[in-house]
>>> print(open('data-v2.txt').read())   # compact mmCIF, C-alpha atoms
# COMPACT_ATOMS: atom_id res chain seq x y z
CA MET A 1 -90.20 38.03 -1.73
CA THR A 2 -87.50 35.50 -0.88
CA ALA A 3 -83.86 35.88 -1.86
CA LEU A 4 -83.60 32.42 -3.46
CA LYS A 5 -86.08 30.89 -5.88
CA THR A 6 -87.43 27.35 -5.67
CA GLY A 7 -85.56 25.14 -8.13
CA ALA A 8 -82.42 27.31 -8.19
CA LYS A 9 -79.12 25.41 -8.49
CA LEU A 10 -76.30 26.48 -6.19
CA GLN A 11 -72.70 25.23 -6.22
CA SER A 12 -70.91 25.07 -2.88
CA GLN A 13 -67.42 25.56 -1.59
CA HIS A 14 -67.02 21.77 -1.62
CA LYS A 15 -68.16 21.60 -5.27
CA ARG A 16 -71.53 20.10 -4.41
CA VAL A 17 -74.65 21.24 -6.27
CA TYR A 18 -77.73 21.96 -4.18
CA THR A 19 -81.26 22.54 -5.44
CA VAL A 20 -83.53 24.91 -3.50
CA ILE A 21 -86.62 22.90 -2.54
CA ARG A 22 -88.62 25.33 -0.42
CA PHE A 23 -88.47 28.37 1.84
CA ILE A 24 -88.66 27.48 5.56
CA ALA A 25 -88.41 30.65 7.62
CA SER A 26 -86.92 34.11 7.95
CA GLY A 27 -85.03 35.65 10.86
CA GLY A 28 -82.99 38.71 11.76
CA GLN A 29 -79.85 37.55 9.97
CA GLY A 30 -81.28 35.81 6.95
CA GLU A 31 -83.57 33.17 5.47
CA VAL A 32 -83.58 29.39 5.83
CA TYR A 33 -84.36 27.05 2.95
CA GLU A 34 -84.61 23.31 2.45
CA VAL A 35 -82.14 22.18 -0.22
CA GLU A 36 -81.24 18.87 -1.84
CA ASP A 37 -77.72 17.65 -2.61
CA LYS A 38 -77.82 16.59 -6.28
CA ALA A 39 -75.34 13.72 -5.85
CA SER A 40 -76.68 12.05 -2.72
CA ARG A 41 -80.32 13.20 -2.91
CA SER A 42 -80.00 14.05 0.78
CA ARG A 43 -81.94 17.03 2.16
CA TYR A 44 -80.31 19.82 4.17
CA ALA A 45 -81.07 23.29 5.46
CA LEU A 46 -79.42 26.37 3.97
CA LYS A 47 -79.14 29.60 5.95
CA TRP A 48 -78.80 32.45 3.47
CA TYR A 49 -77.64 35.77 4.94
CA PHE A 50 -79.20 39.12 4.23
CA LYS A 51 -76.83 41.72 2.80
CA HIS A 52 -76.36 43.48 6.16
CA SER A 53 -75.37 40.17 7.83
CA ALA A 54 -73.13 38.87 5.04
CA THR A 55 -70.01 40.50 6.46
CA PRO A 56 -66.39 39.40 5.93
CA TYR A 57 -66.24 38.64 9.66
CA GLN A 58 -69.28 36.33 9.44
CA LYS A 59 -67.85 34.55 6.41
CA LYS A 60 -64.52 34.07 8.20
CA LEU A 61 -66.41 32.66 11.18
CA ILE A 62 -68.35 30.16 9.05
CA ASP A 63 -65.18 29.03 7.25
CA ARG A 64 -63.53 28.43 10.61
CA LEU A 65 -66.47 26.42 11.93
CA ILE A 66 -66.67 24.26 8.81
CA SER A 67 -62.97 23.47 9.07
CA ARG A 68 -63.20 22.69 12.79
CA GLY A 69 -66.23 20.38 12.62
CA LYS A 70 -69.07 20.00 15.11
CA PRO A 71 -68.44 19.16 18.79
CA ASP A 72 -70.96 16.28 18.60
CA ASP A 73 -74.12 15.19 16.79
CA ARG A 74 -76.40 17.44 18.84
CA PHE A 75 -75.18 20.49 16.90
CA LEU A 76 -76.71 21.49 13.56
CA TRP A 77 -73.26 22.70 12.54
CA PRO A 78 -72.15 24.49 9.34
CA LEU A 79 -71.11 21.77 6.87
CA ASP A 80 -70.57 23.61 3.59
CA MET A 81 -70.70 27.17 2.23
CA ILE A 82 -72.35 28.65 -0.85
CA GLU A 83 -71.41 32.05 -2.35
CA GLN A 84 -73.33 33.94 -5.01
CA LYS A 85 -73.19 37.58 -6.19
CA GLY A 86 -71.40 38.82 -3.10
CA LEU A 87 -73.74 37.03 -0.69
CA PHE A 88 -73.34 33.68 1.01
CA GLY A 89 -74.93 31.08 3.24
CA TYR A 90 -74.09 27.79 4.89
CA VAL A 91 -75.49 24.28 4.67
CA MET A 92 -76.41 22.31 7.79
CA ASP A 93 -78.46 19.25 8.69
CA LEU A 94 -82.23 19.66 8.68
CA ARG A 95 -84.06 19.72 12.00
CA PRO A 96 -86.59 16.85 12.21
CA THR A 97 -90.19 18.05 12.38
CA ASP A 98 -90.89 16.28 15.69
CA TYR A 99 -88.46 18.56 17.55
CA LYS A 100 -89.98 21.52 19.39
CA SER A 101 -88.58 24.78 20.74
CA VAL A 102 -88.58 25.97 24.34
CA LEU A 103 -91.03 28.64 23.17
CA ASP A 104 -93.39 25.78 22.19
CA LEU A 105 -92.98 24.50 25.76
CA MET A 106 -93.76 27.95 27.20
CA LYS A 107 -96.91 28.26 25.07
CA ARG A 108 -97.96 24.67 25.83
CA ARG A 109 -97.68 23.61 22.22
CA ALA A 110 -95.36 20.89 23.52
CA GLU A 111 -96.24 18.88 26.63
CA PRO A 112 -93.27 16.67 27.57
CA THR A 113 -93.33 14.47 30.62
CA PHE A 114 -91.09 15.52 33.50
CA ALA A 115 -88.89 12.53 32.60
CA ALA A 116 -88.43 13.81 29.02
CA LEU A 117 -87.89 17.35 30.30
CA CYS A 118 -85.14 16.11 32.63
CA MET A 119 -83.44 14.29 29.77
CA ALA A 120 -83.63 17.48 27.68
CA GLY A 121 -81.94 19.37 30.53
CA ILE A 122 -79.20 16.75 30.86
CA ASN A 123 -78.61 16.66 27.10
CA LEU A 124 -78.57 20.45 26.90
CA ALA A 125 -75.93 20.77 29.63
CA ASP A 126 -73.91 17.91 28.15
CA GLY A 127 -73.99 19.45 24.68
CA TYR A 128 -72.70 22.80 25.85
CA GLN A 129 -70.07 21.07 27.97
CA SER A 130 -68.85 19.39 24.78
CA LEU A 131 -68.64 22.79 23.08
CA HIS A 132 -66.94 24.54 26.00
CA SER A 133 -64.39 21.75 26.44
CA GLN A 134 -63.00 22.74 23.04
CA GLY A 135 -62.41 26.32 24.15
CA LEU A 136 -65.47 27.59 22.27
CA CYS A 137 -68.20 30.00 23.33
CA TYR A 138 -71.75 29.81 21.93
CA ARG A 139 -72.53 33.51 22.64
CA ASP A 140 -76.30 33.31 22.10
CA ILE A 141 -77.97 30.58 24.20
CA SER A 142 -81.70 31.37 24.12
CA PHE A 143 -85.20 30.18 23.18
CA GLY A 144 -84.60 30.07 19.47
CA ASN A 145 -81.41 28.03 19.47
CA LEU A 146 -82.48 24.85 21.23
CA PHE A 147 -84.92 22.23 19.97
CA PHE A 148 -85.92 19.11 21.86
CA ASN A 149 -87.87 15.94 21.25
CA PRO A 150 -90.77 16.07 23.75
CA VAL A 151 -91.03 12.27 23.76
CA ASN A 152 -87.48 11.34 24.80
CA GLY A 153 -85.68 14.61 25.60
CA ASP A 154 -83.10 14.44 22.78
CA VAL A 155 -81.88 17.92 21.86
CA LEU A 156 -80.53 19.74 18.81
CA ILE A 157 -78.60 23.00 19.07
CA CYS A 158 -78.91 25.23 16.01
CA ASP A 159 -77.72 28.68 14.85
CA ASN A 160 -74.13 27.74 15.53
CA ASP A 161 -72.85 30.45 13.18
CA ASN A 162 -72.18 32.70 16.18
CA VAL A 163 -69.82 30.25 17.90
CA THR A 164 -66.37 31.72 18.52
CA VAL A 165 -63.33 31.04 20.64
CA ASN A 166 -63.68 31.95 24.30
CA GLN A 167 -63.72 35.72 25.00
CA ASP A 168 -63.40 36.68 21.34
CA SER A 169 -63.64 40.49 21.16
CA ASP A 170 -63.65 40.65 17.35
CA GLY A 171 -67.37 41.25 17.00
CA GLY A 172 -70.49 39.15 16.54
CA THR A 173 -73.59 38.85 18.67
CA GLU A 174 -73.56 39.47 22.40
CA GLY A 175 -76.68 37.39 22.93
CA THR A 176 -80.45 37.63 23.09
CA PRO A 177 -82.19 40.08 25.47
CA ARG A 178 -83.24 38.43 28.77
CA PHE A 179 -80.48 35.82 28.32
CA ILE A 180 -77.43 38.10 28.21
CA ALA A 181 -75.21 37.92 31.29
CA PRO A 182 -75.23 41.07 33.48
CA GLU A 183 -71.50 41.69 32.98
CA ILE A 184 -72.02 41.91 29.21
CA ILE A 185 -74.93 44.33 29.62
CA SER A 186 -72.71 46.43 31.91
CA ARG A 187 -69.88 46.27 29.31
CA LYS A 188 -67.51 44.64 31.78
CA GLN A 189 -66.86 41.41 29.85
CA TYR A 190 -66.92 39.89 26.37
CA PRO A 191 -68.94 36.72 25.68
CA SER A 192 -67.24 33.69 27.21
CA THR A 193 -67.85 30.27 28.67
CA LEU A 194 -68.84 31.99 31.92
CA THR A 195 -71.45 34.16 30.21
CA ASP A 196 -72.71 31.05 28.40
CA LEU A 197 -73.19 29.40 31.79
CA TYR A 198 -75.44 32.26 32.86
CA SER A 199 -77.52 32.08 29.65
CA MET A 200 -77.79 28.31 30.01
CA ALA A 201 -79.06 28.67 33.59
CA VAL A 202 -81.74 31.11 32.36
CA LEU A 203 -82.78 28.66 29.65
CA LEU A 204 -82.97 25.79 32.16
CA PHE A 205 -85.07 27.93 34.50
CA TYR A 206 -87.46 28.67 31.63
CA MET A 207 -87.66 24.95 30.83
CA PHE A 208 -88.44 23.81 34.37
CA MET A 209 -90.33 26.85 35.72
CA LEU A 210 -91.83 28.30 32.51
CA HIS A 211 -90.74 31.73 33.68
CA HIS A 212 -87.73 34.05 33.73
CA PRO A 213 -85.67 33.99 36.95
CA LEU A 214 -85.52 37.80 37.25
CA GLU A 215 -89.09 38.74 36.30
CA GLY A 216 -91.09 39.36 39.46
CA ALA A 217 -92.76 42.33 41.10
CA ILE A 218 -90.20 44.81 39.78
CA GLU A 219 -90.83 43.85 36.16
CA ALA A 220 -94.59 43.70 36.73
CA ASN A 221 -94.69 47.24 38.11
CA ILE A 222 -92.78 48.82 35.22
CA LYS A 223 -95.21 50.56 32.87
CA CYS A 224 -92.84 50.74 29.91
CA LEU A 225 -90.28 47.96 29.55
CA ASP A 226 -87.91 50.00 27.40
CA GLY A 227 -84.16 49.58 26.98
CA LYS A 228 -83.34 51.48 30.15
CA ALA A 229 -85.76 49.39 32.23
CA MET A 230 -84.43 46.14 30.76
CA GLU A 231 -80.86 47.22 31.47
CA LYS A 232 -81.82 47.72 35.11
CA ILE A 233 -83.71 44.41 35.53
CA TYR A 234 -81.34 42.13 33.63
CA GLY A 235 -78.03 43.95 33.97
CA LYS A 236 -77.37 46.64 36.56
CA GLU A 237 -79.79 45.67 39.37
CA PRO A 238 -80.84 42.03 38.79
CA ILE A 239 -82.69 40.34 41.68
CA PHE A 240 -83.65 36.65 41.65
CA ILE A 241 -87.38 36.23 42.18
CA TRP A 242 -86.73 33.67 44.95
CA ASP A 243 -83.66 35.35 46.49
CA PRO A 244 -83.73 34.17 50.15
CA ALA A 245 -82.13 37.44 51.33
CA ASN A 246 -84.25 39.84 49.27
CA ASN A 247 -88.01 39.44 48.79
CA SER A 248 -88.54 42.67 46.85
CA ASN A 249 -88.91 40.85 43.52
CA ARG A 250 -91.23 37.97 44.37
CA PRO A 251 -93.57 36.83 41.57
CA ILE A 252 -97.09 38.28 41.76
CA PRO A 253 -99.98 35.80 42.19
CA GLY A 254 -102.48 35.97 39.35
CA TYR A 255 -99.89 37.44 36.99
CA GLN A 256 -96.72 35.37 37.32
CA ASP A 257 -98.31 32.10 38.45
CA ASN A 258 -96.01 29.70 36.59
CA ALA A 259 -93.09 30.80 38.74
CA ILE A 260 -95.11 30.17 41.91
CA ILE A 261 -96.69 26.85 40.92
CA PHE A 262 -93.61 25.16 39.47
CA TRP A 263 -91.16 26.37 42.11
CA ASP A 264 -93.15 24.46 44.75
CA ILE A 265 -93.35 21.28 42.66
CA TYR A 266 -89.63 20.56 42.72
CA PRO A 267 -87.56 19.16 45.62
CA PRO A 268 -85.20 21.45 47.59
CA TYR A 269 -81.95 20.37 45.89
CA ILE A 270 -82.87 21.74 42.45
CA ARG A 271 -84.34 24.89 43.94
CA ASP A 272 -81.07 25.34 45.84
CA LEU A 273 -79.05 25.02 42.63
CA PHE A 274 -81.18 27.61 40.84
CA THR A 275 -80.88 29.89 43.88
CA ARG A 276 -77.09 29.66 43.74
CA ALA A 277 -77.14 30.28 39.99
CA PHE A 278 -79.09 33.52 40.38
CA THR A 279 -77.67 34.90 43.62
CA VAL A 280 -73.97 34.09 43.99
CA GLY A 281 -73.62 33.21 40.29
CA LEU A 282 -75.44 36.39 39.29
CA LYS A 283 -72.77 38.54 40.93
CA ASP A 284 -69.64 36.39 40.54
CA PRO A 285 -69.20 34.73 37.12
CA ASN A 286 -66.49 32.46 38.52
CA LYS A 287 -68.99 30.87 40.92
CA ARG A 288 -71.60 29.96 38.32
CA ILE A 289 -73.06 26.46 38.17
CA VAL A 290 -71.09 24.40 35.64
CA GLU A 291 -72.55 21.83 33.27
CA LYS A 292 -71.55 18.79 35.35
CA GLN A 293 -73.40 20.17 38.38
CA TRP A 294 -76.56 20.68 36.34
CA LYS A 295 -76.30 17.15 34.94
CA GLU A 296 -75.86 15.62 38.39
CA VAL A 297 -78.83 17.40 39.94
CA ILE A 298 -81.17 16.96 36.96
CA SER A 299 -80.25 13.24 36.87
CA GLN A 300 -81.17 13.06 40.56
CA LEU A 301 -84.45 14.80 39.77
CA ARG A 302 -85.18 12.32 36.98
CA ASP A 303 -84.56 9.38 39.31
CA SER A 304 -86.93 10.85 41.92
CA ILE A 305 -90.02 10.84 39.68
CA MET A 306 -92.98 8.89 41.07
CA TYR A 307 -96.64 8.70 40.11
CA CYS A 308 -99.86 9.65 41.85
CA SER A 309 -102.12 6.60 42.18
CA TYR A 310 -105.22 8.81 41.84
CA CYS A 311 -104.48 10.96 38.76
CA SER A 312 -101.23 9.37 37.45
CA SER A 313 -99.40 12.71 37.49
CA GLU A 314 -95.62 12.73 37.83
CA ASN A 315 -94.37 13.96 41.20
CA PHE A 316 -90.97 14.10 42.90
CA TYR A 317 -89.77 12.18 45.92
CA ASP A 318 -88.49 14.47 48.67
CA LEU A 319 -86.23 12.81 51.23
CA LEU A 320 -86.66 15.78 53.60
CA LYS A 321 -90.40 15.11 53.81
CA VAL A 322 -89.74 11.47 54.64
CA LYS A 323 -87.30 12.42 57.40
CA GLN A 324 -89.90 14.79 58.84
CA ASN A 325 -92.65 12.12 58.58
CA GLN A 326 -94.62 14.26 56.13
CA ASN A 327 -96.82 12.86 53.39
CA HIS A 328 -96.14 13.56 49.73
CA HIS A 329 -99.20 15.29 48.23
CA CYS A 330 -99.77 15.27 44.48
CA TRP A 331 -99.23 18.75 43.08
CA GLN A 332 -102.06 18.14 40.61
CA CYS A 333 -104.92 16.51 42.54
CA LYS A 334 -103.59 17.03 46.12
CA GLY A 335 -104.05 13.33 46.96
CA VAL A 336 -101.60 11.53 49.26
CA ILE A 337 -99.02 9.61 47.23
CA SER A 338 -98.13 6.02 48.09
CA LEU A 339 -94.36 5.79 47.87
CA PRO A 340 -93.02 3.20 45.41
CA PRO A 341 -90.14 0.84 46.20
CA ARG A 342 -86.73 2.46 45.84
CA ILE A 343 -83.22 1.24 45.16
CA LYS A 344 -80.17 3.05 46.54
CA ILE A 345 -77.07 2.67 44.39
CA GLY A 346 -74.16 4.61 45.86
CA ASN A 347 -75.53 8.11 46.47
CA GLN A 348 -78.34 7.64 43.94
CA LEU A 349 -81.90 6.92 45.04
CA ILE A 350 -84.05 5.65 42.19
CA MET A 351 -87.83 5.29 42.36
CA LEU A 352 -88.91 1.87 41.10
CA ASN A 353 -92.08 2.75 39.22
CA HIS A 354 -93.95 0.57 36.74
CA ASN A 355 -91.85 2.03 33.90
CA THR A 356 -88.47 2.55 35.58
CA GLU A 357 -85.34 1.57 33.68
CA LEU A 358 -81.76 1.41 34.95
CA PHE A 359 -78.97 2.63 32.70
CA SER A 360 -75.22 2.42 32.51
CA HIS A 361 -75.18 5.82 34.21
CA HIS A 362 -76.57 4.30 37.41
CA ILE A 363 -73.84 1.65 37.51
CA LYS A 364 -70.79 3.23 35.90
CA GLY A 365 -71.61 6.94 35.94
CA GLY A 366 -70.87 9.11 32.94
CA PHE A 367 -74.50 10.17 32.25
CA ASP A 368 -75.04 7.37 29.73
CA PHE A 369 -78.83 7.06 29.51
CA SER A 370 -78.78 5.12 26.25
CA THR A 371 -77.34 1.80 27.49
CA LYS A 372 -80.10 -0.02 29.39
CA ILE A 373 -79.13 -2.55 32.03
CA GLY A 374 -82.42 -3.20 33.85
CA LYS A 375 -86.15 -2.54 33.95
CA ILE A 376 -89.10 -3.06 36.29
CA SER A 377 -91.31 -6.00 35.31
CA LYS A 378 -94.67 -7.24 36.53
CA HIS A 379 -94.88 -10.88 37.67
CA PRO A 380 -96.66 -12.86 34.90
CA THR A 381 -99.01 -14.76 37.24
CA ARG A 382 -99.01 -12.92 40.57
CA PRO A 383 -100.79 -9.53 40.52
CA GLY A 384 -99.06 -6.88 42.57
CA ARG A 385 -95.66 -8.65 42.46
CA TRP A 386 -92.85 -6.80 40.73
CA GLY A 387 -89.20 -7.43 39.98
CA LEU A 388 -86.11 -5.89 38.44
CA THR A 389 -85.22 -7.59 35.17
CA ASN A 390 -81.60 -7.77 34.01
CA THR A 391 -81.58 -6.40 30.44
CA GLY A 392 -77.81 -6.00 30.21
CA SER A 393 -75.08 -8.50 29.37
CA ASP A 394 -73.51 -8.86 32.85
CA ASN A 395 -74.80 -11.14 35.59
CA TRP A 396 -76.00 -9.70 38.91
CA THR A 397 -75.88 -11.25 42.36
CA LEU A 398 -79.04 -10.97 44.46
CA THR A 399 -78.65 -11.34 48.23
CA LYS A 400 -81.92 -11.63 50.12
CA GLN A 401 -82.49 -10.40 53.67
CA ASN A 402 -81.90 -13.91 55.02
CA GLY A 403 -78.43 -14.01 53.42
CA GLU A 404 -79.37 -16.35 50.57
CA SER A 405 -77.64 -15.41 47.30
CA THR A 406 -78.62 -16.17 43.71
CA THR A 407 -77.28 -15.20 40.30
CA VAL A 408 -79.53 -13.03 38.13
CA MET A 409 -78.47 -13.67 34.54
CA SER A 410 -79.37 -11.52 31.57
CA GLY A 411 -83.10 -11.82 30.91
CA LYS A 412 -83.86 -13.01 34.45
CA THR A 413 -85.67 -11.05 37.16
CA ALA A 414 -84.79 -10.26 40.78
CA PRO A 415 -87.88 -9.92 43.00
CA LEU A 416 -88.33 -6.59 44.79
CA GLN A 417 -87.85 -7.45 48.46
CA THR A 418 -87.13 -4.93 51.21
CA ASP A 419 -83.45 -4.82 52.23
CA ALA A 420 -82.43 -7.21 49.44
CA LYS A 421 -79.09 -6.30 47.85
CA ILE A 422 -78.17 -6.50 44.18
CA ASN A 423 -74.51 -6.53 43.24
CA PHE A 424 -74.19 -5.08 39.71
CA GLY A 425 -70.43 -5.62 39.55
CA PRO A 426 -68.94 -2.15 39.99
CA VAL A 427 -71.56 -1.14 42.59
CA GLU A 428 -74.18 -2.61 44.88
CA GLY A 429 -77.77 -1.49 45.32
CA ILE A 430 -80.14 -2.02 48.24
CA ILE A 431 -83.91 -2.11 47.84
CA HIS A 432 -86.13 -0.10 50.20
>>> encode(input="data-v2.txt", output="structure tokens")
Amino acid sequence: MTALKTGAKLQSQHKRVYTVIRFIASGGQGEVYEVEDKASRSRYALKWYFKHSATPYQKKLIDRLISRGKPDDRFLWPLDMIEQKGLFGYVMDLRPTDYKSVLDLMKRRAEPTFAALCMAGINLADGYQSLHSQGLCYRDISFGNLFFNPVNGDVLICDNDNVTVNQDSDGGTEGTPRFIAPEIISRKQYPSTLTDLYSMAVLLFYMFMLHHPLEGAIEANIKCLDGKAMEKIYGKEPIFIWDPANNSNRPIPGYQDNAIIFWDIYPPYIRDLFTRAFTVGLKDPNKRIVEKQWKEVISQLRDSIMYCSYCSSENFYDLLKVKQNQNHHCWQCKGVISLPPRIKIGNQLIMLNHNTELFSHHIKGGFDFSTKIGKISKHPTRPGRWGLTNTGSDNWTLTKQNGESTTVMSGKTAPLQTDAKINFGPVEGIIH
């Protein structure tokens, strides 16, 4: 039996009247309903707390968050509060139905492309950076609090009612098991930006590897994963499954295959970042990978995507293999991959696939992947000929290998020629 009845009218702190439309779900703290604002006819979600969760501390927290306002539009932030008969809840924006959870990803109910997954990783790190820059701590980064659009990688961060100021010792959640930083489990620290960074790294590892970074042979050999065992694995004696100095916790083939398969798919630079996150960063919170570092490396990973000509699977360009004269083999069908043309802009190397787009990020930095400035186009009459079309507002200058220069205006296309240079204004790119 639900706490609120369909059709019930509820007046809020801001004097708005909401009608309960339907029950959505129930969790540990309370129930979530879809409600409609009588005045605007807009639909929202209402989280209604159970009696044991409707504490004065929680109410104070919600009031504070409503007054502060959300860090940016990726947060389903408390907007209004409703009180009734000693209980209360808060109103927030509804999550669109096309957004999926990381648990959906783990169970293969969502199948994003690697490109969309990379954008989800970038947006996730950027969202938490926005929160942390305001001196706030999320406290409970985990499966249930992030939703992403599997088509484009947009993200929404929910359950923001646990957000507090950095290192708040007043109470509230310490996190979700398997995501809690070791120093919290060991009672050495309160939740903080640094513990958030650990939880975020775990979530990113789950997203890209479909596995937990500390669950290898040690976890597999435990017969009863009780509280004491979990405290050892995730808190007191954590060992990264791919720790280069300790192989005692390697994943077991046939049981922990995701960790084995996906680890080998990715190029060395992202594996190195995860290794740092769960070796040095595991022991020293001050040396954890910060959001900007994740964004830089995941952006590099996104730019390195290329396609297998046999099965069309996404793969990743590995410069180390090229330097060692090794072929790239498709992780899916094992065929040899023909490398696409590339453009080097500053320290960025971008694969020029049939669907590649250039963004403001590639020219001006700042991780802006919404402003498009170029795209790969097929020649209308010559099969096999491709070019880079200017879709922005600024002119480019194309300099061919023979030194001849031409202006590429908006809407025009520069042919892809080896060693040709394109001056974008702030930076110059060279085609390989």
>>> axis_aligned_box(input="data-v2.txt", around="range 321-338 of chain A", padding_each_side="8 Å", output="JSON")
{"center_x": -96.1, "center_y": 12.4, "center_z": 49.7, "size_x": 33.6, "size_y": 28.7, "size_z": 34.2}
>>> residues_around(input="data-v2.txt", residues="range 102-105 of chain A", least_positions_apart="5", cutoff="10 Å", atoms="all atoms listed in the file", output="ChimeraX atom specification")
/A:110-112,117,142-148,150,203-204,206-208,210
>>> closest_residue(input="data-v2.txt", among="A:Ile422, A:Cys311, A:Ala8, A:Ile373", to="Phe359 in chain A", atoms="only C-alpha atoms")
A:Ile373
>>> atom_distance(input="data-v2.txt", atom1="CA of His354 in chain A", atom2="CA of Ile337 in chain A")
14.7 Å
>>> residues_around(input="data-v2.txt", residues="range 178-181 of chain A", least_positions_apart="2", cutoff="6 Å", atoms="all atoms listed in the file", output="ChimeraX atom specification")
/A:175-176,183-184,195,198-199
>>> atom_distance(input="data-v2.txt", atom1="CA of Asn246 in chain A", atom2="CA of Asp226 in chain A")
24.4 Å
>>> closest_residue(input="data-v2.txt", among="A:Asn160, A:Thr418, A:Asn325, A:Asn123", to="Ser370 in chain A", atoms="all atoms listed in the file")
A:Asn123
>>> residues_around(input="data-v2.txt", residues="Lys292 in chain A", least_positions_apart="3", cutoff="9 Å", atoms="all atoms listed in the file", output="JSON, numbers by chain")
{"A": [125, 126, 129, 289, 295, 296, 297]}
>>> atom_distance(input="data-v2.txt", atom1="CA of Ala45 in chain A", atom2="CA of Val91 in chain A")
5.7 Å
>>> residues_around(input="data-v2.txt", residues="range 342-350 of chain A", least_positions_apart="4", cutoff="8 Å", atoms="all atoms listed in the file", output="ChimeraX atom specification")
/A:300,303-304,362-363,427-432
>>> residues_around(input="data-v2.txt", residues="Pro267 in chain A", least_positions_apart="5", cutoff="8 Å", atoms="only C-alpha atoms", output="MDAnalysis selection string")
chainID A and resid 301 316:318
>>> closest_residue(input="data-v2.txt", among="A:Lys15, A:His211, A:Arg139, A:Lys188", to="Lys107 in chain A", atoms="only C-alpha atoms")
A:His211
>>> closest_residue(input="data-v2.txt", among="A:Pro78, A:Pro182, A:Ala201, A:Ser101", to="Tyr128 in chain A", atoms="all atoms listed in the file")
A:Ala201
>>> decode(input="data-v2.txt", residues="range 367-380 of chain A", atoms="N, CA and C atoms", output="PDB file, in the first residue's frame")
ATOM      1  N   PHE A 367      35.820  21.120 -23.648  1.00  0.00           N
ATOM      2  CA  PHE A 367      34.927  19.954 -23.654  1.00  0.00           C
ATOM      3  C   PHE A 367      33.524  20.295 -24.144  1.00  0.00           C
ATOM      4  N   ASP A 368      33.434  21.225 -25.098  1.00  0.00           N
ATOM      5  CA  ASP A 368      32.152  21.559 -25.717  1.00  0.00           C
ATOM      6  C   ASP A 368      31.935  20.618 -26.901  1.00  0.00           C
ATOM      7  N   PHE A 369      31.072  19.608 -26.698  1.00  0.00           N
ATOM      8  CA  PHE A 369      30.753  18.662 -27.764  1.00  0.00           C
ATOM      9  C   PHE A 369      29.348  18.915 -28.319  1.00  0.00           C
ATOM     10  N   SER A 370      28.839  20.108 -28.102  1.00  0.00           N
ATOM     11  CA  SER A 370      27.523  20.460 -28.636  1.00  0.00           C
ATOM     12  C   SER A 370      27.634  21.385 -29.844  1.00  0.00           C
ATOM     13  N   THR A 371      28.705  22.183 -29.912  1.00  0.00           N
ATOM     14  CA  THR A 371      28.890  23.111 -31.031  1.00  0.00           C
ATOM     15  C   THR A 371      29.704  22.431 -32.125  1.00  0.00           C
ATOM     16  N   LYS A 372      29.038  22.103 -33.240  1.00  0.00           N
ATOM     17  CA  LYS A 372      29.697  21.384 -34.331  1.00  0.00           C
ATOM     18  C   LYS A 372      30.377  22.366 -35.280  1.00  0.00           C
ATOM     19  N   ILE A 373      31.608  22.030 -35.678  1.00  0.00           N
ATOM     20  CA  ILE A 373      32.308  22.921 -36.607  1.00  0.00           C
ATOM     21  C   ILE A 373      32.746  22.205 -37.895  1.00  0.00           C
ATOM     22  N   GLY A 374      32.577  20.881 -37.946  1.00  0.00           N
ATOM     23  CA  GLY A 374      32.968  20.164 -39.155  1.00  0.00           C
ATOM     24  C   GLY A 374      32.468  18.740 -39.138  1.00  0.00           C
ATOM     25  N   LYS A 375      32.373  18.138 -40.334  1.00  0.00           N
ATOM     26  CA  LYS A 375      31.966  16.735 -40.421  1.00  0.00           C
ATOM     27  C   LYS A 375      32.552  16.114 -41.685  1.00  0.00           C
ATOM     28  N   ILE A 376      32.734  14.796 -41.643  1.00  0.00           N
ATOM     29  CA  ILE A 376      33.230  14.071 -42.810  1.00  0.00           C
ATOM     30  C   ILE A 376      32.092  13.902 -43.821  1.00  0.00           C
ATOM     31  N   SER A 377      32.401  14.139 -45.086  1.00  0.00           N
ATOM     32  CA  SER A 377      31.396  14.033 -46.153  1.00  0.00           C
ATOM     33  C   SER A 377      31.938  13.215 -47.312  1.00  0.00           C
ATOM     34  N   LYS A 378      31.062  12.448 -47.917  1.00  0.00           N
ATOM     35  CA  LYS A 378      31.422  11.663 -49.094  1.00  0.00           C
ATOM     36  C   LYS A 378      31.289  12.533 -50.341  1.00  0.00           C
ATOM     37  N   HIS A 379      32.224  12.394 -51.283  1.00  0.00           N
ATOM     38  CA  HIS A 379      32.149  13.153 -52.535  1.00  0.00           C
ATOM     39  C   HIS A 379      30.889  12.736 -53.297  1.00  0.00           C
ATOM     40  N   PRO A 380      30.117  13.697 -53.813  1.00  0.00           N
ATOM     41  CA  PRO A 380      28.826  13.363 -54.441  1.00  0.00           C
ATOM     42  C   PRO A 380      28.942  12.538 -55.719  1.00  0.00           C
TER      43      PRO A 380
END
